[in-house]
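Structure file model_2.txt (compact mmCIF, C-alpha atoms) follows.
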# COMPACT_ATOMS: atom_id res chain seq x y z
CA ARG A 265 0.00 0.00 0.00
CA ARG A 266 1.30 3.45 -0.98
CA THR A 267 1.58 5.99 1.73
CA LYS A 268 0.71 9.63 1.41
CA ASN A 269 4.42 10.49 1.25
CA SER A 270 5.10 7.97 -1.50
CA ARG A 271 2.26 9.37 -3.62
CA LYS A 272 3.66 12.88 -3.24
CA ALA A 273 7.10 11.64 -4.33
CA GLU A 274 5.64 9.99 -7.43
CA GLN A 275 3.73 13.15 -8.33
CA SER A 276 6.87 15.23 -7.88
CA HIS A 277 8.90 12.83 -10.05
CA SER A 278 6.19 12.82 -12.71
CA SER A 279 6.10 16.61 -12.73
CA TYR A 280 9.88 16.75 -13.09
CA TYR A 281 9.79 14.31 -15.99
CA ARG A 282 7.12 16.33 -17.81
CA GLN A 283 9.25 19.44 -17.49
CA TRP A 284 12.53 17.97 -18.70
CA SER A 285 11.55 15.16 -21.02
CA PRO A 286 12.96 15.55 -24.57
CA PRO A 287 10.53 16.99 -27.13
CA ARG A 288 8.54 14.51 -29.11
CA PRO A 289 9.37 14.20 -32.79
CA ASN A 290 7.24 16.41 -35.02
CA LYS A 291 5.39 14.02 -37.27
CA ARG A 292 4.32 16.81 -39.58
CA ALA A 293 7.93 17.80 -40.21
CA ASN A 294 8.64 14.29 -41.52
CA ARG A 295 5.81 14.40 -43.99
CA THR A 296 6.79 15.02 -47.63
CA GLN A 297 5.85 18.59 -48.48
CA THR A 298 4.09 19.22 -51.76
CA PRO A 299 6.55 21.04 -54.06
CA PRO A 300 5.44 24.46 -55.36
CA PRO A 301 4.12 24.51 -58.91
CA PRO A 302 6.79 25.11 -61.56
CA LYS A 303 7.27 28.70 -62.61
CA THR A 304 6.05 29.12 -66.15
CA ASN A 305 5.85 32.15 -68.42
CA PHE A 306 4.60 32.87 -71.90
CA GLU A 307 6.65 34.83 -74.41
CA ILE A 308 6.59 35.44 -78.14
CA ASN A 309 9.44 36.12 -80.55
CA VAL A 310 8.87 37.68 -83.97
CA ALA A 311 11.68 38.15 -86.50
CA LYS A 312 10.37 38.53 -90.04
CA GLU A 313 12.24 39.30 -93.23
CA THR A 314 9.90 42.26 -93.67
CA PHE A 315 11.19 43.80 -90.42
CA LYS A 316 13.94 45.66 -92.25
CA PHE A 317 15.09 49.06 -93.42
CA ASN A 318 17.98 50.27 -95.55
CA ALA A 319 19.61 53.44 -94.28
CA ALA A 320 22.76 55.56 -94.43
CA HIS A 321 24.65 56.75 -91.35
CA PHE A 322 27.99 57.39 -89.77
CA VAL A 323 29.07 57.24 -86.15
CA ALA A 324 30.87 60.25 -84.67
CA TYR A 325 32.22 60.84 -81.19
CA ARG A 326 35.01 62.89 -79.66
CA GLY A 327 38.09 62.45 -81.82
CA PHE A 328 36.51 60.00 -84.28
CA ARG A 329 34.23 59.99 -87.32
CA GLU A 330 33.28 57.16 -89.63
CA ARG A 331 32.90 57.65 -93.35
CA LEU A 332 29.35 57.89 -94.63
CA HIS A 333 28.02 54.41 -95.44
CA GLY A 334 24.87 52.31 -95.14
CA HIS A 335 23.40 49.07 -93.82
CA ASN A 336 20.51 46.71 -94.44
CA TYR A 337 19.06 46.66 -90.93
CA GLN A 338 16.93 43.84 -89.51
CA VAL A 339 14.69 44.06 -86.45
CA ALA A 340 13.32 41.40 -84.11
CA VAL A 341 10.93 41.72 -81.17
CA ARG A 342 10.47 39.57 -78.07
CA LEU A 343 7.61 40.07 -75.60
CA LEU A 344 7.70 38.49 -72.13
CA GLY A 345 4.44 37.81 -70.36
CA SER A 346 3.00 36.26 -67.23
CA ARG A 347 1.92 32.72 -66.35
CA THR A 348 -1.44 33.16 -68.03
CA ILE A 349 -2.62 34.18 -71.46
CA SER A 350 -5.68 36.17 -72.46
CA HIS A 351 -9.15 34.80 -73.14
CA ASP A 352 -8.37 34.66 -76.88
CA GLY A 353 -5.45 32.27 -76.34
CA TYR A 354 -2.82 34.84 -77.31
CA LEU A 355 -0.13 36.61 -75.39
CA LEU A 356 -0.39 39.09 -78.29
CA ASP A 357 -1.70 38.57 -81.80
CA PHE A 358 1.27 38.23 -84.18
CA GLY A 359 -0.65 40.28 -86.73
CA ASP A 360 -0.91 43.29 -84.41
CA LEU A 361 2.82 43.19 -83.71
CA LYS A 362 3.83 42.75 -87.35
CA LYS A 363 1.71 45.69 -88.45
CA VAL A 364 3.42 48.02 -85.96
CA VAL A 365 7.02 46.88 -86.56
CA LYS A 366 6.72 47.07 -90.35
CA ALA A 367 5.30 50.58 -90.12
CA VAL A 368 8.16 51.74 -87.87
CA CYS A 369 10.74 50.21 -90.24
CA ARG A 370 9.15 51.94 -93.26
CA GLU A 371 9.66 55.30 -91.56
CA LEU A 372 13.44 54.68 -91.54
CA ASN A 373 13.79 53.00 -94.91
CA GLU A 374 16.06 54.79 -97.44
CA PHE A 375 16.84 57.71 -95.14
CA PHE A 376 19.96 59.20 -93.63
CA LEU A 377 19.85 58.53 -89.88
CA CYS A 378 20.60 61.89 -88.32
CA PRO A 379 21.43 61.84 -84.58
CA VAL A 380 20.05 65.24 -83.59
CA LEU A 381 21.39 64.95 -80.00
CA SER A 382 25.00 64.51 -81.16
CA ASP A 383 27.55 66.12 -78.84
CA VAL A 384 30.23 66.48 -81.56
CA MET A 385 28.26 67.72 -84.58
CA GLN A 386 26.60 71.04 -85.23
CA ILE A 387 23.26 70.23 -86.84
CA SER A 388 20.99 72.86 -88.32
CA VAL A 389 18.10 73.02 -90.78
CA LEU A 390 18.44 75.61 -93.53
CA LYS A 391 15.19 76.82 -95.04
CA GLY A 392 14.69 76.58 -98.78
CA SER A 393 15.58 79.66 -100.83
CA SER A 394 18.02 80.78 -98.15
CA GLU A 395 21.47 81.71 -99.30
CA GLU A 396 24.38 79.44 -98.40
CA GLU A 397 28.02 80.44 -98.19
CA GLY A 398 29.32 81.17 -101.67
CA GLY A 399 26.10 82.82 -102.80
CA SER A 400 24.26 79.67 -103.93
CA LYS A 401 20.62 79.31 -102.93
CA LEU A 402 19.02 76.19 -101.53
CA ALA A 403 15.98 74.98 -103.42
CA HIS A 404 14.69 72.86 -100.53
CA ASP A 405 14.93 72.68 -96.76
CA THR A 406 18.37 71.23 -96.05
CA VAL A 407 20.03 69.59 -93.06
CA LYS A 408 23.57 70.83 -92.49
CA LEU A 409 26.02 68.83 -90.39
CA VAL A 410 29.38 70.24 -89.40
CA CYS A 411 31.62 67.62 -87.81
CA GLU A 412 34.41 68.01 -85.28
CA ASP A 413 37.04 67.44 -87.97
CA GLY A 414 35.55 70.18 -90.16
CA ALA A 415 33.75 67.87 -92.59
CA THR A 416 30.44 69.35 -93.72
CA PHE A 417 27.43 67.45 -95.07
CA LEU A 418 24.28 68.78 -96.71
CA PHE A 419 21.23 66.52 -97.01
CA PRO A 420 17.71 67.33 -98.19
CA LEU A 421 15.53 67.39 -95.08
CA THR A 422 13.08 65.03 -96.78
CA ASP A 423 15.89 62.45 -97.04
CA CYS A 424 16.69 62.53 -93.31
CA ALA A 425 15.22 60.69 -90.36
CA MET A 426 15.80 63.14 -87.51
CA LEU A 427 16.23 60.82 -84.55
CA PRO A 428 16.44 61.76 -80.83
CA ILE A 429 19.72 59.87 -80.32
CA VAL A 430 23.34 60.86 -79.67
CA HIS A 431 25.04 58.30 -81.94
CA ALA A 432 23.65 56.42 -84.93
CA THR A 433 24.76 53.05 -83.53
CA THR A 434 22.75 49.83 -83.49
CA GLU A 435 22.62 50.07 -79.68
CA GLU A 436 20.95 53.47 -79.72
CA LEU A 437 18.76 52.50 -82.67
CA ALA A 438 17.53 49.51 -80.62
CA VAL A 439 16.55 51.88 -77.80
CA TYR A 440 14.79 54.20 -80.25
CA LEU A 441 12.91 51.30 -81.86
CA TRP A 442 11.89 50.02 -78.39
CA GLY A 443 10.22 53.34 -77.61
CA LYS A 444 8.57 53.66 -81.02
CA ILE A 445 7.15 50.14 -81.06
CA LEU A 446 6.00 50.33 -77.44
CA THR A 447 4.11 53.56 -78.08
CA ARG A 448 2.38 52.17 -81.17
CA LEU A 449 1.37 48.96 -79.36
CA GLU A 450 0.04 51.02 -76.40
CA VAL A 451 1.40 50.45 -72.91
CA SER A 452 -1.97 49.99 -71.21
CA TYR A 453 -2.97 47.28 -73.72
CA LEU A 454 0.25 45.32 -73.23
CA LEU A 455 0.03 45.49 -69.43
CA LYS A 456 -3.61 44.41 -69.54
CA ARG A 457 -2.51 41.28 -71.41
CA GLY A 458 0.15 40.52 -68.79
CA ILE A 459 3.14 41.59 -70.92
CA HIS A 460 5.77 43.09 -68.64
CA THR A 461 8.99 43.27 -70.70
CA MET A 462 9.91 43.99 -74.30
CA GLU A 463 13.18 43.18 -76.03
CA ILE A 464 14.38 44.63 -79.34
CA THR A 465 17.20 43.27 -81.48
CA CYS A 466 18.62 45.54 -84.19
CA ALA A 467 21.11 44.01 -86.63
CA GLU A 468 23.18 45.98 -89.14
CA ALA A 469 24.59 42.80 -90.73
CA PRO A 470 24.19 39.02 -90.25
CA GLY A 471 25.66 38.04 -86.88
CA GLN A 472 26.19 41.69 -85.94
CA ASP A 473 23.38 43.00 -83.77
CA ALA A 474 22.54 44.90 -80.60
CA LEU A 475 19.86 43.92 -78.09
CA PHE A 476 17.92 46.22 -75.77
CA ARG A 477 15.57 44.87 -73.11
CA MET A 478 13.55 46.83 -70.57
CA GLU A 479 10.47 46.34 -68.41
CA ILE A 480 7.39 48.13 -69.66
CA PRO A 481 6.74 51.10 -67.37
CA THR A 482 3.36 51.30 -65.67
CA GLU A 483 3.43 55.05 -66.25
CA VAL A 484 4.75 56.67 -69.40
CA GLY A 485 6.32 60.08 -68.95
CA GLY A 486 6.78 62.86 -71.46
CA GLY A 487 9.49 63.16 -74.05
CA GLY A 488 7.64 62.30 -77.22
CA GLU A 489 7.15 59.13 -79.22
CA GLY A 490 10.25 57.00 -79.50
CA VAL A 491 12.16 58.80 -76.73
CA VAL A 492 13.43 56.47 -74.01
CA HIS A 493 15.52 57.69 -71.13
CA VAL A 494 17.91 54.98 -69.93
CA GLY A 495 19.54 55.59 -66.57

As structure tokens, what does this structure read like?
Amino acid sequence: RRTKNSRKAEQSHSSYYRQWSPPRPNKRANRTQTPPPPKTNFEINVAKETFKFNAAHFVAYRGFRERLHGHNYQVAVRLLGSRTISHDGYLLDFGDLKKVVKAVCRELNEFFLCPVLSDVMQISVLKGSSEEEGGSKLAHDTVKLVCEDGATFLFPLTDCAMLPIVHATTEELAVYLWGKILTRLEVSYLLKRGIHTMEITCAEAPGQDALFRMEIPTEVGGGGEGVVHVG
């Protein structure tokens, strides 16, 4: 028969054991956790033979100027979207994209690419019938470029694409094209379809291209169509 003292001792021992016993294994921790779903995204790439323009240019920077020459440029577009596509089954209709890119390329085709923001060329537009040095008169509005080395070029204004770039390089052309194409496609429409990034490739020759990629801004600031400020 247990005495009152023995019962108290057992209770005290039991209490001590409950306080200091090792923790029981967590059965839930040993269960196999369900892996998260794989991350998937939709994107489209469009590079058509009709995405092209032929243009003249030269690159000039401090202490250097290329000779005037031309290229047969090719353009490609890549749009990156979310994990879902729209109710019509498209990320974006190829036809809508092709219409915009071909129109932008036509605006540059068979023009001189004039970088109006150049920091080494003096660029001015001379009005038709104005008198040039030497007494000759200009029949049409003319773009005059005076380079750092003293070379002077005169182009009919109607033969020039006056671009808001510093250098007529494929890199800066890719940025310009990004802004032009984005504006024509409409930012709000692209965002509504889950498209968050656009990538432009501009090639001046086979195997010789520049790529520009940037997220589509949720708010578009001023600066005009085709103007992109890259920080």

Quiz item: If we count only C-alpha atoms, what is near Leu455 (chain A) at a cut-off of 12 Å, once residues fewer than 2 positions away on the same chain are taken out, given as a ChimeraX atom specification?
Solution: /A:343-346,349-350,355-356,446,449-453,457-462,479-483

Quiz item: Got a sec: who's within 10 Å of Asp413 (chain A), counting all atoms listed in the file, leaving out chain neighbours fewer than 2 positions off, as a list in words?
Solution: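 The contact residues come out as Arg326, Gly327, Phe328, Arg329, Val384, Met385, Val410, Cys411, Ala415 and Thr416 of chain A.
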
Can you write just those residues out, C-alpha atoms, as a PDB file, in the coordinates of the input?
ATOM      1  CA  ARG A 326      35.010  62.890 -79.660  1.00  0.00           C
ATOM      2  CA  GLY A 327      38.090  62.450 -81.820  1.00  0.00           C
ATOM      3  CA  PHE A 328      36.510  60.000 -84.280  1.00  0.00           C
ATOM      4  CA  ARG A 329      34.230  59.990 -87.320  1.00  0.00           C
ATOM      5  CA  VAL A 384      30.230  66.480 -81.560  1.00  0.00           C
ATOM      6  CA  MET A 385      28.260  67.720 -84.580  1.00  0.00           C
ATOM      7  CA  VAL A 410      29.380  70.240 -89.400  1.00  0.00           C
ATOM      8  CA  CYS A 411      31.620  67.620 -87.810  1.00  0.00           C
ATOM      9  CA  ALA A 415      33.750  67.870 -92.590  1.00  0.00           C
ATOM     10  CA  THR A 416      30.440  69.350 -93.720  1.00  0.00           C
TER      11      THR A 416
END

Exercise. May I have the residues within 12 Å of Phe322 (chain A) as a ChimeraX atom specification, using only C-alpha atoms and disregarding those fewer than 5 positions away in the same chain?
Key: /A:328-335,376-379,382,385,409,411,417,430-434

Quiz prompt | Distance of CA of Ser388 (chain A) from CA of Phe317 (chain A), expressed in Å to one decimal place | solution = 25.0 Å

Self-check item: Two-atom distance - CA of Lys444 (chain A), CA of Gln386 (chain A) (Å)
Solution: 25.4 Å

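Residues lying at most 10 Å from (16.1, 63.8, -95.3) in file coordinates, with all atoms listed in the file considered, are Glu374, Phe375, Phe376, Leu377, Cys378, Asp405, Thr406, Val407, Leu418, Phe419, Pro420, Leu421, Thr422, Asp423, Cys424, Ala425 and Met426 of chain A.
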
Quiz item: Do you have the CA of Arg342 (chain A)-CA of Leu437 (chain A) distance handy?
Solution: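 CA of Leu437 (chain A) lies at a distance of 16.0 Å from CA of Arg342 (chain A).
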
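Nearest residue to Glu371 (chain A) among A:Ile387, A:Ala469, A:Leu427, A:Met478 is A:Leu427, counting all atoms listed in the file.
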
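Distances to Lys312 (chain A) were evaluated for A:Thr348, A:Ser400, A:Thr465, A:Ser393 using only C-alpha atoms, and the minimum falls at A:Thr465.
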